[in-house]
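For reference, protein_37.cif is printed below; it contains mmCIF, C-alpha atoms.
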```
data_input
loop_
_atom_site.label_atom_id
_atom_site.label_comp_id
_atom_site.auth_asym_id
_atom_site.auth_seq_id
_atom_site.Cartn_x
_atom_site.Cartn_y
_atom_site.Cartn_z
CA MET A 1 113.38 96.20 94.09
CA PRO A 2 111.29 97.68 96.91
CA THR A 3 112.75 100.54 98.93
CA LEU A 4 111.84 101.80 102.39
CA ASP A 5 111.86 105.43 103.44
CA ARG A 6 110.48 107.28 106.45
CA GLN A 7 108.50 110.52 106.64
CA ASP A 8 108.10 111.54 110.29
CA ASN A 9 106.14 108.65 111.83
CA VAL A 10 105.22 107.05 108.52
CA PHE A 11 107.32 104.41 106.77
CA VAL A 12 106.79 104.49 103.00
CA LEU A 13 107.56 101.23 101.20
CA ASP A 14 107.83 101.78 97.45
CA LEU A 15 107.15 98.45 95.76
CA GLY A 16 108.97 99.41 92.56
CA ASP A 17 108.46 101.00 89.16
CA GLY A 18 107.68 97.95 87.02
CA GLU A 19 104.87 95.42 87.23
CA ASN A 20 105.96 94.66 90.81
CA ARG A 21 105.17 90.98 90.48
CA PHE A 22 105.79 88.63 93.38
CA HIS A 23 109.24 87.32 92.44
CA PRO A 24 110.79 85.42 95.38
CA ASP A 25 113.49 88.09 95.75
CA TRP A 26 110.80 90.79 95.77
CA ILE A 27 108.88 88.94 98.48
CA THR A 28 112.04 88.63 100.55
CA SER A 29 112.75 92.35 100.16
CA VAL A 30 109.24 93.34 101.23
CA GLY A 31 109.51 91.02 104.22
CA ALA A 32 112.77 92.64 105.27
CA ALA A 33 111.12 96.06 105.10
CA LEU A 34 108.25 94.85 107.28
CA ASP A 35 110.83 93.57 109.79
CA GLU A 36 112.25 97.08 110.04
CA VAL A 37 108.81 98.64 110.49
CA GLU A 38 107.77 96.12 113.13
CA LYS A 39 110.93 96.43 115.23
CA GLY A 40 110.66 100.23 115.35
CA ASP A 41 109.73 102.06 118.53
CA GLY A 42 107.11 104.67 119.22
CA PRO A 43 104.39 106.00 116.92
CA ARG A 44 104.67 104.63 113.41
CA ALA A 45 102.55 103.50 110.49
CA LEU A 46 103.16 102.05 107.04
CA VAL A 47 102.22 103.15 103.53
CA THR A 48 102.94 100.90 100.56
CA ALA A 49 103.10 102.66 97.20
CA ALA A 50 104.60 102.22 93.76
CA THR A 51 105.80 104.26 90.82
CA GLY A 52 104.48 103.96 87.30
CA LYS A 53 101.62 102.08 85.66
CA PHE A 54 101.26 99.30 88.24
CA TYR A 55 100.79 99.01 91.97
CA SER A 56 101.27 95.26 91.54
CA ASN A 57 100.37 92.86 88.75
CA GLY A 58 100.38 89.84 91.06
CA LEU A 59 102.13 86.49 90.92
CA ASP A 60 105.31 86.15 88.88
CA LEU A 61 103.94 83.65 86.36
CA GLU A 62 107.11 83.80 84.26
CA TRP A 63 109.22 82.72 87.22
CA LEU A 64 106.68 80.03 88.07
CA SER A 65 106.78 78.62 84.55
CA GLY A 66 110.43 77.75 85.12
CA HIS A 67 109.98 76.57 88.71
CA ALA A 68 106.76 74.55 88.61
CA ASN A 69 108.12 72.15 91.24
CA GLN A 70 108.21 75.05 93.72
CA TRP A 71 104.57 76.09 93.25
CA GLN A 72 103.43 75.09 96.75
CA ASP A 73 106.37 76.71 98.53
CA TYR A 74 105.86 79.83 96.45
CA VAL A 75 102.18 80.07 97.40
CA VAL A 76 103.13 79.61 101.05
CA SER A 77 105.51 82.57 100.81
CA VAL A 78 102.87 84.77 99.16
CA GLN A 79 100.26 83.90 101.76
CA GLN A 80 102.71 84.45 104.60
CA LEU A 81 103.27 87.95 103.23
CA TYR A 82 99.52 88.60 103.29
CA ALA A 83 99.30 87.29 106.85
CA ARG A 84 102.22 89.42 107.91
CA LEU A 85 100.63 92.59 106.58
CA LEU A 86 97.17 91.74 107.87
CA SER A 87 98.49 91.29 111.41
CA LEU A 88 101.22 93.94 111.45
CA PRO A 89 101.01 95.90 114.73
CA VAL A 90 100.90 99.26 112.93
CA ILE A 91 98.24 100.89 110.77
CA THR A 92 98.86 100.12 107.09
CA VAL A 93 97.64 102.03 104.04
CA ALA A 94 97.95 100.96 100.39
CA ALA A 95 98.49 103.87 97.98
CA VAL A 96 97.22 102.32 94.73
CA GLN A 97 98.44 104.67 92.01
CA GLY A 98 98.07 102.17 89.15
CA HIS A 99 96.74 98.74 88.29
CA ALA A 100 96.28 96.26 91.14
CA PHE A 101 95.53 92.85 89.67
CA ALA A 102 95.08 89.38 91.16
CA ALA A 103 97.63 88.79 93.93
CA GLY A 104 98.45 92.51 93.77
CA ALA A 105 94.81 93.39 94.44
CA MET A 106 94.79 90.94 97.33
CA LEU A 107 97.95 92.56 98.67
CA SER A 108 96.03 95.82 98.92
CA LEU A 109 93.27 94.03 100.86
CA ALA A 110 95.80 92.93 103.47
CA HIS A 111 96.18 96.61 104.41
CA ASP A 112 93.93 98.42 106.86
CA PHE A 113 93.05 101.19 104.40
CA ARG A 114 93.33 101.80 100.66
CA VAL A 115 93.62 104.98 98.57
CA MET A 116 93.33 104.71 94.78
CA ARG A 117 93.76 106.97 91.79
CA ALA A 118 90.32 108.04 90.59
CA ASP A 119 90.86 108.59 86.87
CA ARG A 120 93.01 105.70 85.66
CA GLY A 121 93.99 102.20 86.72
CA TYR A 122 91.97 99.15 87.70
CA TRP A 123 91.57 96.94 90.74
CA CYS A 124 90.72 93.44 89.56
CA LEU A 125 90.61 89.78 90.58
CA PRO A 126 90.88 88.05 87.16
CA GLU A 127 91.39 84.52 88.44
CA VAL A 128 88.16 83.23 86.87
CA ASP A 129 89.36 84.41 83.45
CA ILE A 130 92.94 83.13 83.69
CA ASN A 131 91.86 79.75 85.11
CA ILE A 132 93.72 80.02 88.40
CA PRO A 133 91.38 79.24 91.31
CA PHE A 134 91.73 81.15 94.54
CA THR A 135 93.52 79.24 97.26
CA PRO A 136 91.57 78.81 100.51
CA GLY A 137 93.77 81.47 102.12
CA MET A 138 93.26 83.97 99.32
CA ALA A 139 89.51 83.37 99.27
CA THR A 140 89.18 83.92 103.01
CA LEU A 141 91.24 87.12 102.78
CA VAL A 142 88.96 88.58 100.11
CA GLN A 143 85.82 87.47 101.97
CA ALA A 144 87.04 89.00 105.22
CA ARG A 145 87.87 92.39 103.76
CA LEU A 146 84.98 93.08 101.37
CA ALA A 147 81.18 93.17 101.56
CA PRO A 148 79.51 89.89 100.49
CA GLN A 149 77.96 91.27 97.28
CA THR A 150 81.27 92.82 96.25
CA VAL A 151 83.07 89.55 96.99
CA HIS A 152 80.57 87.71 94.81
CA GLU A 153 80.93 90.08 91.88
CA ALA A 154 84.70 90.52 92.10
CA MET A 155 85.55 86.83 92.44
CA LEU A 156 83.00 85.36 90.02
CA THR A 157 83.12 87.92 87.20
CA GLY A 158 86.65 89.32 87.27
CA CYS A 159 85.14 92.80 87.13
CA ARG A 160 87.61 95.66 86.64
CA TYR A 161 86.94 98.46 89.10
CA GLY A 162 88.16 101.98 88.44
CA GLY A 163 88.81 104.22 91.42
CA ALA A 164 85.30 105.68 91.68
CA ASP A 165 83.64 102.28 91.28
CA ALA A 166 86.01 100.70 93.81
CA GLU A 167 85.16 103.41 96.32
CA ALA A 168 81.42 102.97 95.72
CA VAL A 169 81.52 99.25 96.63
CA GLY A 170 83.96 99.61 99.53
CA ILE A 171 87.06 98.08 97.95
CA ILE A 172 88.94 101.29 98.69
CA ASP A 173 88.43 104.06 101.21
CA ARG A 174 89.21 107.07 99.02
CA ALA A 175 89.52 107.78 95.30
CA VAL A 176 91.67 110.84 94.66
CA THR A 177 93.66 112.53 91.90
CA GLU A 178 96.90 110.97 90.73
CA ASP A 179 99.12 113.50 92.49
CA ALA A 180 97.22 113.06 95.77
CA VAL A 181 97.34 109.26 96.11
CA ARG A 182 100.54 108.91 98.08
CA ALA A 183 100.07 112.12 100.09
CA THR A 184 96.54 111.08 101.12
CA ALA A 185 97.76 107.64 102.18
CA VAL A 186 100.53 109.21 104.27
CA GLU A 187 97.99 111.60 105.84
CA ILE A 188 95.73 108.69 106.85
CA ALA A 189 98.70 106.73 108.21
CA GLN A 190 100.12 109.67 110.14
CA ALA A 191 96.78 110.26 111.87
CA GLN A 192 96.80 106.67 113.19
CA ALA A 193 100.52 106.29 113.96
CA ALA A 194 100.07 106.54 117.73
CA LYS A 195 98.09 103.30 117.71
CA ALA A 196 101.15 101.18 116.84
CA GLY A 197 102.06 98.47 119.32
CA ASP A 198 101.08 95.20 120.94
CA THR A 199 97.44 96.12 121.57
CA LEU A 200 96.82 96.90 117.92
CA GLY A 201 98.60 93.70 116.93
CA THR A 202 96.45 91.66 119.31
CA ILE A 203 93.25 93.26 118.02
CA LYS A 204 94.20 92.42 114.44
CA ALA A 205 95.24 88.88 115.33
CA ARG A 206 91.92 88.19 117.03
CA MET A 207 89.81 90.01 114.44
CA TYR A 208 91.31 87.98 111.61
CA ALA A 209 92.16 84.78 113.49
CA GLN A 210 90.46 82.44 111.00
CA VAL A 211 91.92 84.21 107.98
CA LEU A 212 95.41 84.15 109.47
CA THR A 213 95.16 80.45 110.28
CA THR A 214 94.18 79.67 106.70
CA LEU A 215 96.86 81.92 105.19
CA ARG A 216 99.53 80.33 107.37
CA ASP A 217 98.62 76.76 106.43
CA THR A 218 101.80 75.16 105.11
CA THR A 219 100.40 71.62 104.90
CA ASN A 220 97.73 72.13 102.25
CA PRO A 221 97.91 75.76 101.09
CA LEU A 222 96.47 74.98 97.64
CA GLY A 223 93.35 73.33 99.01
#
```
For this file, produce the structure as structure tokens.
Amino acid sequence: MPTLDRQDNVFVLDLGDGENRFHPDWITSVGAALDEVEKGDGPRALVTAATGKFYSNGLDLEWLSGHANQWQDYVVSVQQLYARLLSLPVITVAAVQGHAFAAGAMLSLAHDFRVMRADRGYWCLPEVDINIPFTPGMATLVQARLAPQTVHEAMLTGCRYGGADAEAVGIIDRAVTEDAVRATAVEIAQAQAAKAGDTLGTIKARMYAQVLTTLRDTTNPLG
């Protein structure tokens, strides 16, 4: 399960050492960690990271196969997590040390900045290949955070981007060596920690107002 630690002004949320799929208990645990970050005082920022082969492999399809009647509620919880991160009143940085696929890739997009390992691992939106269409909320998140041509390629082709390619098209901000991923993310977060607070939260809320409204739709989240 995810664990939260603090290094000076930077909270580091380790998402786990497995595939880090969005099991309901995992979502709840991440939400609890975000509660702790948000209620903190003074300068602070957040880095999410992971250990092992995956940053996150996305939705927990195995859990869903046994809980098909909860599909809509599950999607609501995933999208609320995206909205929470996107509007969090602290600077957030995703340290992508391994594969970030589908909902896991979109989780990284809900952060303000992204650092990725340069030599191994892929960032990918494979929905077109696994026959799971993007929800309206997920589509608006991707469209808000990436350049139009990158959105087009990533969503329609399921292209797998390595670190260097992801940096070249603006998916990530920096591609670095494996041992520098987390440290670089913490460095970026630490430099922006003083910006935490209501003003930053208001700026994010207004910047992404349409995206947040769509992500928070509980009436028709599947479109």
| request: May I have the residues within 12 Å of stretch 209-214 of chain A as a PyMOL selection string, using only C-alpha atoms and disregarding those fewer than 5 positions away in the same chain? | output: chain A and resi 76+79-88+110+135-145+201-204+219-223
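Here atom CA of A:Asp198 is placed at a distance of 21.2 Å from atom CA of A:Thr48.
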| request: Output the residue selection produced by the PyMOL selection byres ((chain A and resi 164) around 9) on the file above, formatted as a PyMOL selection string. | output: chain A and resi 116-119+161-163+165-169+174-176
| request: Extract, using all atoms listed in the file, all DNA, RNA and protein residues at most 8 Å from A:Val90, discarding same-chain residues fewer than 6 positions from it, and format them as a VMD selection string. | output: chain A and resid 38 44 to 46 193 195 to 197 200 to 201
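Atom pair atom CA of A:Ala32 / atom CA of A:Lys53 has a distance of 24.5 Å (rounded to one decimal).
One distance worth recording is that between atom CA of A:Asp173 and atom CA of A:Ala189, which is 12.7 Å.
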| message | Please determine, counting all atoms listed in the file, which residue among A:Leu15, A:Val10, A:Leu34, A:Ala68 has the shortest atom-to-atom distance to A:Tyr55. | response | A:Leu15
Take every atom of stretch 199-211 of chain A listed in the file, pad by 4 Å on each side, and give me the axis-aligned box centre and edge lengths in Å, one decimal, as JSON.
```
{"center_x": 94.2, "center_y": 89.7, "center_z": 114.8, "size_x": 16.8, "size_y": 22.5, "size_z": 21.6}
```
| message | Residues within 9 Å of stretch 57-59 of chain A, please, as number ranges by chain. Count all atoms listed in the file; anything in the same chain fewer than 5 positions from it doesn't count. | response | A: 19-23, 64, 78, 99-107
| field | All residues 9 Å or closer to A:Gly52, only C-alpha atoms, same chain fewer than 4 positions away omitted, as a PyMOL selection string | value | chain A and resi 16-19+97-98
| message | From the options A:Ile27, A:Ala94, A:Val181, A:Leu4, which residue's atoms come nearest to A:Arg120, counting only C-alpha atoms? | response | A:Val181
| request: Find the residue from A:Pro126, A:Ala50, A:Ile171, A:Arg182 that sits nearest to A:Leu156; use only C-alpha atoms when measuring. | output: A:Pro126
| query | Taking into account all atoms listed in the file, which residue in the set A:Leu61, A:Ile91, A:Val12, A:Met207 is nearest to A:Pro43? | reply | A:Ile91
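Counting only C-alpha atoms, the residue from A:Val151, A:Thr92, A:Glu187, A:Asp14 that sits nearest to A:Trp26 is A:Asp14.
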| Using only C-alpha atoms, which residue out of A:Thr157, A:Thr218, A:Gln7, A:Thr184 lies closest to A:Val75? | A:Thr218
